[in-house]
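Participant: Quick one: structure below, then a few questions.
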Amino acid sequence: MLTENKNSQIINELREVFPADRILSDFSECYAYCQDAINIDNIKNFAVGVVLVETVEEVQSVVKIANKYNIPLVCRGAGTNVVGACIPERESLVISFIRMNKILEINSANMTTTVQSGVIVGDLQREAEKKGLFYPPDPSNLAVSTIGGSIAQSSAGAKAFKYGTTKDYVLELTVVSAGGEIIKTGSKTIKNACGYNLNSLFVGSEGTLGIIVEAVLKLIPMPESKSVMMCYFDKVEGAINAVSAIISHKITPCAIDFMDKNSIKTVEDFKHAGLLTDKECALVIEIDGLQSDIKYQKETVLKILSDFGASEIQSSKNTEEYNRIWSARRASMGACARLKPNVTTDDLIVPRENLAKLVLEVRKICEKYGLIVCMVGHVGDGSVHPQIPVDFSDKDEINRLKTAKKEIYALTVSLGGIISGEHGIGMLKREDLALVVDKTTLNYMREIKKVFDPKNILNPDKIFYVE
């Protein structure tokens, strides 16, 4: 543990490099940076100081000071992750990228963009669209989540089914190493077969191998037209089977999302979006492409939905209706949070053929332990997010939640799935990682960590403990 005198020395040395308004060291200021969207019941203030960086060189300066005093570094974008990936678990310096938020270039000829880590995903999408280009990764919190955070957590979103996830758009990263050096992991070209693919190593590494400060990302042409439908079913199995039928007809929707009856009712009570609360579940299906192709896609999808028991379909006719449907879907966690003081969410993914069973069995497990669950997810790629409202002051309820989670994870694995498809591991799922990653592989991961971070100062203890 660092002494109070050493903590003061660290802050004083940082003040020699940074303006006063970009160093936070008061207890109340730092306390806010010791929490993210994980909803823990016992926040500990392990942040010695917070540094609001703006340049690559400033990040290198912080790393240099951290090495001098052997103090851990925790990087933070918007703090919207739900696995505790940016919560300091030891006395640490927090590097905030909230001011390092410039879109450095959008190159229409190459269809690439170069951005700093603190750029908001939604902001990048809007700027790209002004040039007729498209950045598809769309986590539900895209209005606030950052590019650096989405790369660190290997995030995805609703459009992953057709367009892939964040990892599929990373061409090159600029990374500050644990020793303060600059690492370039790729190039601005679409293809690259020059040595190891280090992009894949840093994507999803949660700030444990290096500090991502800039990214070159691939863009694609913006679809000419798009439409979204809210499709209601009286049986979960009918909805899941309809998805498989749509795909078998060689139609690839931009997004196929799912809401169960609890999430529909909870969102409607919150948003008053005109959702039908008497239905068992709903699919949110977006199609996009050439205007001439949208009519055929839509007609085919509507027929398939009807054949598989869709009881009601609400279809967007304009931008306002499009935004209303997606706003309702994205409001699920916020709406769920109104039910109890806290809400937990999870990130399960199974082969699509087992998705209906996963949804129904998760519901049974939660009923067995007296827990409310609202389930949403991305049906196209087999992922489900069970959102469980709880009261952290109710110890009995928390114990029931922990037991239910263990059963839910065991169920997921038994169905050929894994415990994280897009949220990451962080601190929340660290003890459960061995369910899906074997001991030999975990040991190799630890060895990789030791190579890149021999002093274990980069977000220590996240994903796994280094022995």
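Just remember, in the structure tokens the first chain shown is A, the second B, etc., residues are 1-based per chain, and ligands are 1-based in the order shown.
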Please return, as a ChimeraX atom specification, all residues of segment 42-75 of chain A that DSSP assigns to strand (DSSP E) on the basis of the backbone.
Facilitator: /A:47-52,73-75
Participant: Save the residues we just selected, C-alpha atoms, as an mmCIF file, in the first residue's frame?
Facilitator:
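Output (out.cif):
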```cif
data_model
loop_
_atom_site.group_PDB
_atom_site.id
_atom_site.type_symbol
_atom_site.label_atom_id
_atom_site.label_comp_id
_atom_site.auth_asym_id
_atom_site.auth_seq_id
_atom_site.Cartn_x
_atom_site.Cartn_y
_atom_site.Cartn_z
ATOM 1 C CA ALA A 47 -8.233 6.254 -6.820
ATOM 2 C CA VAL A 48 -5.216 8.228 -5.605
ATOM 3 C CA GLY A 49 -5.808 10.728 -8.397
ATOM 4 C CA VAL A 50 -7.552 11.179 -11.754
ATOM 5 C CA VAL A 51 -5.753 12.639 -14.763
ATOM 6 C CA LEU A 52 -7.766 14.123 -17.637
ATOM 7 C CA LEU A 73 -3.030 2.673 -13.902
ATOM 8 C CA VAL A 74 -6.723 2.254 -14.703
ATOM 9 C CA CYS A 75 -8.040 3.729 -17.954
#
```
Participant: Near Gly416 of chain A, counting only C-alpha atoms, which residues have an atom at most 7 Å away, once you skip same-chain residues fewer than 2 positions from it, shown as a PyMOL selection string?
Facilitator: chain A and resi 350-351+412-414
Participant: Counting only C-alpha atoms, what is within 10 Å of Asp123 of chain A, bar same-chain residues fewer than 2 positions away, as a PyMOL selection string?
Facilitator: chain A and resi 101+103+119-121+125-129+142-146
Participant: Do a neighbour search on Ile294 of chain A at 12 Å with only C-alpha atoms, toss out local chain neighbours closer than 3 positions, and write the hits as a tab-separated table (two decimals) with C-alpha atoms, in the first residue's frame.
Facilitator:
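Saved to result_14.tsv:
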```tsv
chain	number	residue	atom	x	y	z
A	223	PRO	CA	-27.02	1.95	-46.72
A	224	GLU	CA	-29.36	3.87	-48.97
A	225	SER	CA	-32.49	2.98	-46.99
A	226	LYS	CA	-33.59	1.26	-43.81
A	227	SER	CA	-36.73	0.21	-41.97
A	228	VAL	CA	-37.44	-1.38	-38.61
A	251	ILE	CA	-32.21	-12.44	-46.19
A	252	THR	CA	-29.77	-10.91	-43.73
A	253	PRO	CA	-31.47	-8.29	-41.57
A	254	CYS	CA	-29.28	-5.51	-40.26
A	286	GLU	CA	-34.21	-3.89	-39.07
A	287	ILE	CA	-33.61	-4.30	-42.78
A	288	ASP	CA	-31.41	-2.03	-44.85
A	289	GLY	CA	-29.85	-1.74	-48.29
A	290	LEU	CA	-30.82	-0.28	-51.63
A	291	GLN	CA	-34.24	1.36	-51.75
A	297	GLN	CA	-36.99	-7.84	-48.13
A	298	LYS	CA	-39.85	-6.41	-46.12
A	299	GLU	CA	-42.55	-8.40	-47.93
A	300	THR	CA	-40.60	-11.63	-47.52
A	301	VAL	CA	-39.90	-11.02	-43.83
A	302	LEU	CA	-43.53	-10.11	-43.12
```
Participant: Compile the contact shell of segment 4-8 of chain A as number ranges by chain: residues with an atom at most 9 Å away, counting only C-alpha atoms, same-chain residues fewer than 2 positions apart removed.
Facilitator: A: 2, 10-13, 48-49, 69
Participant: Report, in Å to a single decimal, how far apart atom CA of Lys235 of chain A and atom CA of Ala282 of chain A are.
Facilitator: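 Going from atom CA of Ala282 of chain A over to atom CA of Lys235 of chain A, I get 9.4 Å.
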Participant: Atom CA of Val373 of chain A to atom CA of Phe270 of chain A: how many Å, to one decimal?
Facilitator: 16.1 Å
Participant: Tell me which of A:Leu458, A:Ala331, A:Ile246, A:Ile212 sits closest to Ile182 of chain A, counting only C-alpha atoms.
Facilitator: A:Ile212
Participant: Can you tell me, as JSON, numbers by chain, what residues are no more than 9 Å from segment 80-94 of chain A when counting only C-alpha atoms, ignoring any on the same chain fewer than 6 positions away?
Facilitator: {"A": [1, 2, 30, 33, 34, 35, 36, 37, 38, 39, 40, 44, 45, 46, 47, 48, 49, 50, 51, 52, 62, 66, 71, 72, 73, 74, 141, 144, 145, 146, 149, 150, 153, 206, 207, 344, 345, 346, 423, 424, 425, 426, 427, 428, 429, 457, 459, 460, 461, 462, 463]}
Participant: So what do you get for atom CA of Leu339 of chain A versus atom CA of Ser155 of chain A, distance-wise?
Facilitator: 26.6 Å
Participant: Using only C-alpha atoms for the distances, tell me which of A:Asn354, A:Thr55, A:Ser393, A:Ser117 is nearest to Lys340 of chain A.
Facilitator: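 Closest candidate: A:Ser393.
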Participant: Can you list, as JSON, numbers by chain, every protein, DNA or RNA residue that comes within 10 Å of Val437 of chain A when you count only C-alpha atoms, leaving out same-chain residues fewer than 5 positions away?
Facilitator: {"A": [418, 432, 442]}
